[in-house]
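Chemist: Sharing a structure with you now.
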Amino acid sequence: MSLLKCENVESGYGKLPILHGVNLRVAEGEMIALLGANGAGKSTLMKTIAGILPLMKGSMVFDGRDITLLKNHALAKMGLGYVPQENNVFADLTVAENLEMGAFTIKNAKQAIEAIFERFPKLKERYKQKAGTLSGGERQLLAVGSALLLKPRLLILDEPTSGLSPQATESMIETISRIRDDGTAVIWVVEESPKEVLAHVDRVYLLESGLVKKEGTGREFLEDEEEFETLFLGHNVG
Ligand SMILES: Nc1ncnc2c1ncn2[C@@H]1O[C@H](COP(=O)(O)OP(=O)(O)O)[C@@H](O)[C@H]1O
Ligand SMILES: [Mg+2]
């Protein structure tokens with residue numbers, strides 16, 4: 001059974017549809033990469049799944065339950081974690097305060113935050129520092145750490161390595177792979193360095209103009225070098 005199943009998803013902004021019938025599945029514990037050029041609709045799809053944008057048509061099922069009408073907070077409680085592409089931390093709050101905000105609805109908030117600090121010692125070192133003054137990599141780590149507080153079964157990461165140095169990118173790829181190894185399913189939106197990421201994922205969806213243009217295993221995408229280059233012509237192939 002799929003953990004997440006999206007069927008014929010249409011959504012967009014105002015009355016303007018951006019997604020024109022997207023089908024996507026994620027199995028329990030599976031790691032998916034979502035590729036596509038800038039403007040293809042990747043973030044729109046993630047916002048729709050996370051309950052930030054309403055569905056225009058189609059259906060979504062998560063963990064056996066129809067989530068078509070559910071909003072972000074209800075979905076987070078159900079175990080659907082979402083790290084947006086932008087503004088994913090509170091820049092004016094410290095690392096500790098960011099995590100406290102994330103743990104706001106949890107009973108054992110203190111314990112949950114301590115577990116995140118244990119998992120990411122870099123965050124503990126910086127606990128008093130304002131999030132806005134962190135490096136790009138540390139900020140992404142904080143965003144991911146905040147999402148992990150609720151122990152999601154599916155974690156959506158919208159371009160978690162965007163704008164990071166090669167070293168920070170590598171470290172983030174390792175962090176995400178470990179989250180998957182611990183049993184959390186992941187949807188990983190990738191625009192930069194797709195090749196490095198594809199080696200780590202189970203399956204790949206390529207989005208183009210609001211539709212799934214191609215889907216396959218990470219290996220299938222990597223093997224077809226020529227097509228891969230064409231797909232990412234003009235983009236950083238990595
Ligand atoms: N808040 C918004 N209001 C109106 N149009 C938007 C908004 N956000 C994105 N779009 C449009 O939706 C399309 C898809 O954007 P997006 O999902 O962000 O693409 P991607 O994440 O693949 O780069 C683009 O044409 C973009 O201009
Ligand atoms: Mg985007």
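Ligands are numbered from 1 in the order shown, residues from 1 within each chain, and chains are lettered A, B, ... in the order they appear in the structure tokens.
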Which residues of chain A come within 7 Å of ligand 1, and what is each one's closest atom pair and distance in Å (one decimal), counting only C-alpha atoms and all ligand atoms, sorted by chain and residue number, as a tab-separated table?
Modeler:
```
residue	atom	partner	partner_atom_place_in_ligand_line	distance
A:Gly12	CA	ligand 1	12 (O)	6.8
A:Tyr13	CA	ligand 1	4 (C)	5.0
A:Ile18	CA	ligand 1	12 (O)	5.6
A:Gly36	CA	ligand 1	22 (O)	6.0
A:Ala37	CA	ligand 1	22 (O)	6.0
A:Asn38	CA	ligand 1	23 (O)	3.7
A:Gly39	CA	ligand 1	19 (O)	3.4
A:Ala40	CA	ligand 1	22 (O)	3.8
A:Gly41	CA	ligand 1	17 (O)	3.2
A:Lys42	CA	ligand 1	22 (O)	3.7
A:Ser43	CA	ligand 1	21 (O)	3.6
A:Thr44	CA	ligand 1	17 (O)	3.6
A:Leu45	CA	ligand 1	17 (O)	6.5
```
Chemist: With only C-alpha atoms as the counted atoms, please give the residues lying no more than 12 Å from segment 109-118 of chain A, apart from itself and same-chain residues fewer than 6 positions off, as a PDB file with C-alpha atoms, in the first residue's frame.
Modeler:
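So the final result, stored in result_35.pdb, reads:
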```
ATOM      1  CA  VAL A  95      17.881  28.138  17.030  1.00  0.00           C
ATOM      2  CA  ALA A  96      16.385  27.041  20.360  1.00  0.00           C
ATOM      3  CA  GLU A  97      13.341  29.290  19.907  1.00  0.00           C
ATOM      4  CA  ASN A  98      12.791  27.953  16.392  1.00  0.00           C
ATOM      5  CA  LEU A  99      12.710  24.419  17.747  1.00  0.00           C
ATOM      6  CA  GLU A 100      10.387  25.487  20.576  1.00  0.00           C
ATOM      7  CA  MET A 101       7.988  26.887  17.969  1.00  0.00           C
ATOM      8  CA  GLY A 102       8.204  23.611  16.051  1.00  0.00           C
ATOM      9  CA  ALA A 103       7.553  21.606  19.211  1.00  0.00           C
ATOM     10  CA  LYS A 124      23.180  22.557  19.770  1.00  0.00           C
ATOM     11  CA  GLU A 125      26.413  24.514  19.395  1.00  0.00           C
ATOM     12  CA  ARG A 126      24.409  27.355  17.882  1.00  0.00           C
ATOM     13  CA  TYR A 127      21.326  27.164  20.080  1.00  0.00           C
ATOM     14  CA  LEU A 141      19.565  21.758   9.038  1.00  0.00           C
ATOM     15  CA  LEU A 142      17.435  23.790  11.450  1.00  0.00           C
ATOM     16  CA  ALA A 143      14.480  23.660   9.051  1.00  0.00           C
ATOM     17  CA  VAL A 144      14.861  19.893   8.724  1.00  0.00           C
ATOM     18  CA  GLY A 145      15.341  19.507  12.484  1.00  0.00           C
ATOM     19  CA  SER A 146      12.156  21.499  13.148  1.00  0.00           C
ATOM     20  CA  ALA A 147      10.196  19.241  10.805  1.00  0.00           C
ATOM     21  CA  LEU A 148      11.609  16.116  12.466  1.00  0.00           C
ATOM     22  CA  LEU A 149      10.292  17.200  15.882  1.00  0.00           C
ATOM     23  CA  LEU A 150       6.882  15.795  14.973  1.00  0.00           C
ATOM     24  CA  LYS A 151       8.431  12.461  13.875  1.00  0.00           C
TER      25      LYS A 151
END
```
Chemist: Among segment 121-233 of chain A, which ones does DSSP place in alpha helix (DSSP H), written as a VMD selection string?
Modeler: chain A and resid 121 to 125 136 to 148 166 to 181 194 to 198 218 to 223 225 to 231
Chemist: Filtering to C-alpha atoms, could you give me those residues as a short mmCIF file (atom, residue, chain, number, x, y, z; two decimals), in the first residue's frame?
Modeler:
```
data_model
loop_
_atom_site.label_atom_id
_atom_site.label_comp_id
_atom_site.auth_asym_id
_atom_site.auth_seq_id
_atom_site.Cartn_x
_atom_site.Cartn_y
_atom_site.Cartn_z
CA PRO A 121 25.11 18.62 17.43
CA LYS A 122 25.83 21.57 15.12
CA LEU A 123 22.44 23.00 16.08
CA LYS A 124 23.18 22.56 19.77
CA GLU A 125 26.41 24.51 19.40
CA GLY A 136 22.94 28.29 4.54
CA GLY A 137 23.68 24.70 5.51
CA GLU A 138 22.98 25.29 9.19
CA ARG A 139 19.72 27.04 8.37
CA GLN A 140 18.55 24.11 6.25
CA LEU A 141 19.56 21.76 9.04
CA LEU A 142 17.43 23.79 11.45
CA ALA A 143 14.48 23.66 9.05
CA VAL A 144 14.86 19.89 8.72
CA GLY A 145 15.34 19.51 12.48
CA SER A 146 12.16 21.50 13.15
CA ALA A 147 10.20 19.24 10.81
CA LEU A 148 11.61 16.12 12.47
CA PRO A 166 29.49 21.81 -2.31
CA GLN A 167 30.58 20.76 1.16
CA ALA A 168 27.30 21.75 2.80
CA THR A 169 25.43 20.04 -0.05
CA GLU A 170 27.29 16.81 0.57
CA SER A 171 26.60 17.01 4.27
CA MET A 172 22.88 17.65 3.64
CA ILE A 173 22.67 14.71 1.21
CA GLU A 174 24.16 12.52 3.95
CA THR A 175 21.71 13.87 6.54
CA ILE A 176 18.72 13.19 4.31
CA SER A 177 19.91 9.69 3.42
CA ARG A 178 20.17 8.92 7.11
CA ILE A 179 16.63 10.17 7.74
CA ARG A 180 15.44 7.74 5.08
CA ASP A 181 17.55 4.93 6.54
CA PRO A 194 20.43 16.19 -9.52
CA LYS A 195 23.09 13.62 -10.38
CA GLU A 196 24.49 13.48 -6.86
CA VAL A 197 21.02 13.11 -5.44
CA LEU A 198 19.79 10.48 -7.91
CA GLY A 218 17.19 6.73 -9.97
CA ARG A 219 19.38 4.34 -11.93
CA GLU A 220 17.21 4.56 -15.05
CA PHE A 221 17.51 8.31 -14.99
CA LEU A 222 21.26 8.21 -14.45
CA GLU A 223 21.87 5.59 -17.15
CA GLU A 225 23.01 10.24 -19.82
CA GLU A 226 22.16 11.92 -23.10
CA GLU A 227 18.51 12.35 -22.29
CA PHE A 228 19.45 13.52 -18.83
CA GLU A 229 21.66 16.26 -20.21
CA THR A 230 18.90 17.33 -22.60
CA LEU A 231 16.35 17.47 -19.80
#
```
Chemist: When DSSP works through the backbone of this structure, what residues of segment 73-147 of chain A end up as strand (DSSP E), shown as a list in words?
Modeler: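 Everything in segment 73-147 of chain A that counts as strand (DSSP E) is Leu80, Gly81, Tyr82 and Val83 of chain A.
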Chemist: Mind dumping the selected residues with N, CA and C atoms as a short mmCIF file (atom, residue, chain, number, x, y, z; two decimals), in the first residue's frame?
Modeler:
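Below is the file that was written, again.cif:
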```
data_model
loop_
_atom_site.label_atom_id
_atom_site.label_comp_id
_atom_site.auth_asym_id
_atom_site.auth_seq_id
_atom_site.Cartn_x
_atom_site.Cartn_y
_atom_site.Cartn_z
N LEU A 80 2.83 14.14 8.28
CA LEU A 80 3.32 14.64 7.01
C LEU A 80 4.14 15.91 7.27
N GLY A 81 5.44 15.78 7.21
CA GLY A 81 6.33 16.91 7.48
C GLY A 81 6.67 17.65 6.20
N TYR A 82 6.79 18.97 6.31
CA TYR A 82 7.02 19.76 5.11
C TYR A 82 8.02 20.88 5.39
N VAL A 83 9.09 20.90 4.64
CA VAL A 83 10.07 21.98 4.73
C VAL A 83 9.99 22.79 3.43
#
```
Chemist: Would you kindly return, as a list in words, each protein, DNA or RNA residue with an atom no farther than 9 Å from any atom of Ser11 of chain A, considering only C-alpha atoms and excluding same-chain residues fewer than 3 positions away?
Modeler: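 Contacts, with the query itself left out: Lys15, Leu16, Pro17, Ile18, Leu19, His20, Gly21, Thr44, Leu45, Thr48, Leu53, Pro54, Leu55, Met56, Lys57 and Gly58 of chain A.
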Chemist: Tell me which of A:Leu93, A:Leu207, A:Val201, A:Ala27 sits closest to Ala131 of chain A, counting only C-alpha atoms.
Modeler: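 Ranking A:Leu93, A:Leu207, A:Val201, A:Ala27 by distance to Ala131 of chain A, first place goes to A:Leu93.
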Chemist: What's the 10 Å shell around segment 30-32 of chain A, counting only C-alpha atoms, without same-chain residues fewer than 6 positions away, as number ranges by chain?
Modeler: A: 2-3, 24, 154-156, 176-177, 179-181, 183-189, 198, 200-205, 216-218
Chemist: Using only C-alpha atoms and all ligand atoms, find the one residue out of A:Arg153, A:Arg119, A:Lys107, A:Lys47 that sits nearest to ligand 2.
Modeler: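 Of the candidates, the smallest distance to ligand 2 is held by A:Lys47.
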Chemist: When distances are computed from only C-alpha atoms, which of A:Arg65, A:Ala91, A:Ala33, A:Leu70 shows the smallest separation from Ala199 of chain A?
Modeler: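 Closest residue, counting only C-alpha atoms: A:Ala33.
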Chemist: Pick from A:Leu211, A:Pro152, A:Leu34, A:Lys5: nearest to Asp182 of chain A, with only C-alpha atoms counted?
Modeler: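 Between A:Leu211, A:Pro152, A:Leu34, A:Lys5, the residue approaching Asp182 of chain A most closely is A:Pro152.
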Chemist: Of the candidates A:Leu35, A:Leu134, A:Val22, A:Met78, which one gets nearest to ligand 2 if we count only C-alpha atoms and all ligand atoms?
Modeler: A:Leu35
